[in-house]
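Here's the structure we're looking at; comments come further down.
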Amino acid sequence: MQAPEDPFKSAREKDGLLRCKYQGESIPMVLRHHDIRRITKDHATFSSDAPFRVPIPSEENVRTVRQLPIETDPPDHTDHRRIIEPVFRRPRESEMQARIPAIIATLLDAALSQDSIETVANFALPLQSRALACLLAVPEAEAEEWIGWGIHVFRVGAGEKKGAALDRYLRRRLDRAAADPGDDFFSLLTRATFQGRPLTRDEQIGFGNLVFAGGRDTVIHSVTGILAHFAEQPASLDALRGDEKAIATAGEEFLRVLSPLTHLGRVCPQGAEVLGETVPPDGRIGLCWSSANRDADVFEAPDEVRLDRRPNPHIAFGSGPHACIGAAHARLLIRDLIRQLGERVARLRLLAAEPLLESRPEYTRRIGYESLRLVFEPLR
Amino acid sequence: MPKVTFITPDGSPNEVEAGPGSLMEAAVAHNIEGIDADCGGVCSCGTCHVHLDPAWLDRVGPAGPHERDLLDFNDAADASSRLSCQIELNDALDGLVVRVGRRP
């Protein structure tokens with residue numbers, strides 16, 4: 001089975017970078033696995049200490065606070081990350097390993113009881129939100145409000161500034177946690193200290209903002225990408241049924257080929273030379289994870305989906321100190337989804353698919369689905 | 001099958017009888033503290049870091065290039081470091097001793 005088209009192949013093989021323009025800013029996109037790994041080791045030259053500018057395009061217009069811990073460099077980054085690490089270690093513990101399957105089982109009950117289901121809005125989005133509630137140790141009912149925001153958390157509240165509703169929600173939620181603290185993520189933020197002082201409210205919101213924005217569409221697109229694959233390749237689900245090790249390995253290959261986050265940026269405070277390209281002081285480069293994951297110097301037959309691919313040194317979660325803090329959570333979701341599909345679903349049938357494209361003048365890439373209507377046929 | 005000893009972060013030795021597969025799988029099967037193995041053994045995450053006992057360095061061999069890439073991100077890694085998912089166990093490794101390394 002072929003992976004989705006790789007729009008970076010020729011530029012990666014020729015120069016190793018693609019010159020892109022975002023909001024009038026020239027940003028060379030670094031495309032090769034080895035180059036990206038090298039760059040992520042050098043945070044002095046390629047810095048993340050840049051509010052709003054780690055994402056590409058930058059997000060000055062969609063939020064008011066620096067996202068933490070991602071938009072800082074070590075050593076501050078290390079101290080910031082340590083604050084929320086206990087929350088993101090929870091997917092490795094037995095309590096969450098029991099609760100996530102229950103969320104997925106309920107959604108599968110619903111999917112199997114309907115003639116067909118639009119899986120972006122009615123399967124992947126509620127799965128992502130309810131699993132996040134579980135991760136953050138808040139009642140699952142709180143996820144219903146998050147589900148109402150839709151897939152793109154920065155587009156909530158039509159007619160108002162993008163992201164304002166998330167900002168308002170986080171302020172309100174943190175006020176509540178401060179007044180009535182518990183064991184949840186928001187309460188942890190209100191209690192946390194950074195280098196000996198309490199976090200400011202903006203810093204607390206910066207952590208919350210990343211948690212809601214960073215793991216939303218990425219998880220949703222991974223889930224629907226996996227469902228679509230099994231609908232197109234039913235035999236591949238058959239091959240995984242009941243085989244935990246094969247399921248884990250397949251999950252990593254799905255992450256490689258789907259690479260739901262195309263890229264992230266770094267700022268060059270002093271400027272830099274990157275693969276023959278001069279980046280001016282305060283200029284940016286892009287690290288294109290999705291291209292690196294198709295690099296033929298690292299992956300044999302990179303355009304083939306090989307669900308038994310081992311080793312698979314993909315960087316779908318990024319690389320280095322900033323590697324996705326939610327990776328263990330995402331992996332738990334993905335693996336249990338595949339496991340339960342194998343236990344309960346005979347076949348997924350595709351009724352309609354509307355791809356979601358990331359369309360730029362320089363490239364077009366399928367990052368997921370706007371909608372994906374499937375039939376879940378039960379295993380009898 | 002070989003017996004291997006993991007010295008966990010608190011300094012205690014844990015000798016386990018390994019099944020077929022990698023050193024990481026033996027650690028996970030016996031819930032060895034400090035081995036997360038998030039990616040399931042495909043050399044993508046770096047969370048199964050161990051230090052080889054010096055007596056075993058030559059017999060087990062050095063890290064491959066992708067493994068080395070991941071270890072380079074870990075400040076606690078040194079010349080004795082390996083990712084346990086990349087060490088396939090066999091009878092020649094009976095008696096292997098490793099110290100569980102720090103996570104990246």
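Numbering starts fresh at 1 for the residues of each chain in the structure tokens, the chains themselves are lettered A, B, ... in the order given, and ligands are numbered from 1 as they appear.
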Near chain B, 8 Å: chain A residue rows, closest pairs, only C-alpha atoms, as a tab-separated table:
residue	atom	partner	partner_atom	distance
A:Arg37	CA	B:Asp69	CA	7.5
A:Lys41	CA	B:Phe73	CA	7.0
A:Arg92	CA	B:Asp36	CA	7.5
A:Lys245	CA	B:Gly40	CA	7.4
A:Ala248	CA	B:Gly40	CA	5.8
A:Thr249	CA	B:Gly40	CA	6.6
A:Glu252	CA	B:Cys39	CA	6.9
A:Arg309	CA	B:Val42	CA	7.9
A:Arg310	CA	B:Val42	CA	5.2
A:Pro311	CA	B:Val42	CA	4.3
A:Asn312	CA	B:Val42	CA	5.0
A:Pro313	CA	B:Ser44	CA	4.2
A:His314	CA	B:Ser44	CA	5.8
A:Ile315	CA	B:Ser44	CA	7.1
A:Gly320	CA	B:Phe73	CA	5.7
A:Pro321	CA	B:Phe73	CA	7.1
A:Ala328	CA	B:Asp38	CA	6.2
A:Arg331	CA	B:Asp38	CA	7.7
Considering only C-alpha atoms, give me a table of residues in segment 34-102 of chain B that are at most 12 Å from segment 11-15 of chain B, with the closest atom pair and distance in Å for each, as a tab-separated table.
residue	atom	partner	partner_atom	distance
B:Gly34	CA	B:Gly11	CA	11.9
B:Asp94	CA	B:Glu15	CA	11.0
B:Gly95	CA	B:Glu15	CA	8.9
B:Leu96	CA	B:Glu15	CA	9.5
B:Val97	CA	B:Glu15	CA	8.7
B:Val98	CA	B:Pro13	CA	9.3
B:Arg99	CA	B:Gly11	CA	8.4
B:Val100	CA	B:Gly11	CA	9.3
B:Gly101	CA	B:Gly11	CA	11.4
When DSSP is applied to the backbone of this structure, which of chain B are assigned helix (DSSP H, G or I)? Write them out as a ChimeraX atom specification.
/B:23-29,54-60,65-71,84-86,91-93
Residues just named, written with C-alpha atoms as a PDB file, in the first residue's frame:
ATOM      1  CA  LEU B  23      16.686  -6.761  26.034  1.00  0.00           C
ATOM      2  CA  MET B  24      13.959  -4.079  26.171  1.00  0.00           C
ATOM      3  CA  GLU B  25      11.251  -6.724  25.900  1.00  0.00           C
ATOM      4  CA  ALA B  26      12.816  -8.617  28.800  1.00  0.00           C
ATOM      5  CA  ALA B  27      12.777  -5.394  30.838  1.00  0.00           C
ATOM      6  CA  VAL B  28       9.153  -4.621  30.001  1.00  0.00           C
ATOM      7  CA  ALA B  29       8.054  -8.213  30.720  1.00  0.00           C
ATOM      8  CA  PRO B  54      32.190  -2.613  30.929  1.00  0.00           C
ATOM      9  CA  ALA B  55      32.844  -6.343  30.733  1.00  0.00           C
ATOM     10  CA  TRP B  56      30.089  -6.644  28.117  1.00  0.00           C
ATOM     11  CA  LEU B  57      30.826  -3.669  25.884  1.00  0.00           C
ATOM     12  CA  ASP B  58      32.757  -5.553  23.228  1.00  0.00           C
ATOM     13  CA  ARG B  59      30.495  -8.561  23.195  1.00  0.00           C
ATOM     14  CA  VAL B  60      27.303  -6.542  22.714  1.00  0.00           C
ATOM     15  CA  PRO B  65      23.653   5.361  13.703  1.00  0.00           C
ATOM     16  CA  HIS B  66      19.944   5.961  14.431  1.00  0.00           C
ATOM     17  CA  GLU B  67      20.333   4.643  17.932  1.00  0.00           C
ATOM     18  CA  ARG B  68      23.317   6.943  18.440  1.00  0.00           C
ATOM     19  CA  ASP B  69      21.238   9.867  17.145  1.00  0.00           C
ATOM     20  CA  LEU B  70      18.686   9.304  19.894  1.00  0.00           C
ATOM     21  CA  LEU B  71      21.313   8.738  22.585  1.00  0.00           C
ATOM     22  CA  SER B  84      17.868  -1.882  24.997  1.00  0.00           C
ATOM     23  CA  CYS B  85      15.355  -2.321  22.164  1.00  0.00           C
ATOM     24  CA  GLN B  86      18.263  -2.642  19.748  1.00  0.00           C
ATOM     25  CA  ASP B  91      22.584 -17.445  24.613  1.00  0.00           C
ATOM     26  CA  ALA B  92      25.912 -15.687  24.113  1.00  0.00           C
ATOM     27  CA  LEU B  93      24.527 -12.853  26.233  1.00  0.00           C
TER      28      LEU B  93
END
Kindly give the distance, in Å, that separates atom CA of Thr8 of chain B and atom CA of Arg103 of chain B, rounded to a single decimal.
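So the two atoms, atom CA of Thr8 of chain B and atom CA of Arg103 of chain B, lie 12.4 Å apart.
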Please list as a list in words every residue within 12 Å of Ala235 of chain A, counting only C-alpha atoms and excluding residues in the same chain fewer than 3 positions away.
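Contacts, with the query itself left out: Met1, His229, Phe230, Ala231, Glu232, Asp238, Ala239, Leu240, Arg241, Leu307, Gly342, Ala346, Arg347 and Leu348 of chain A.
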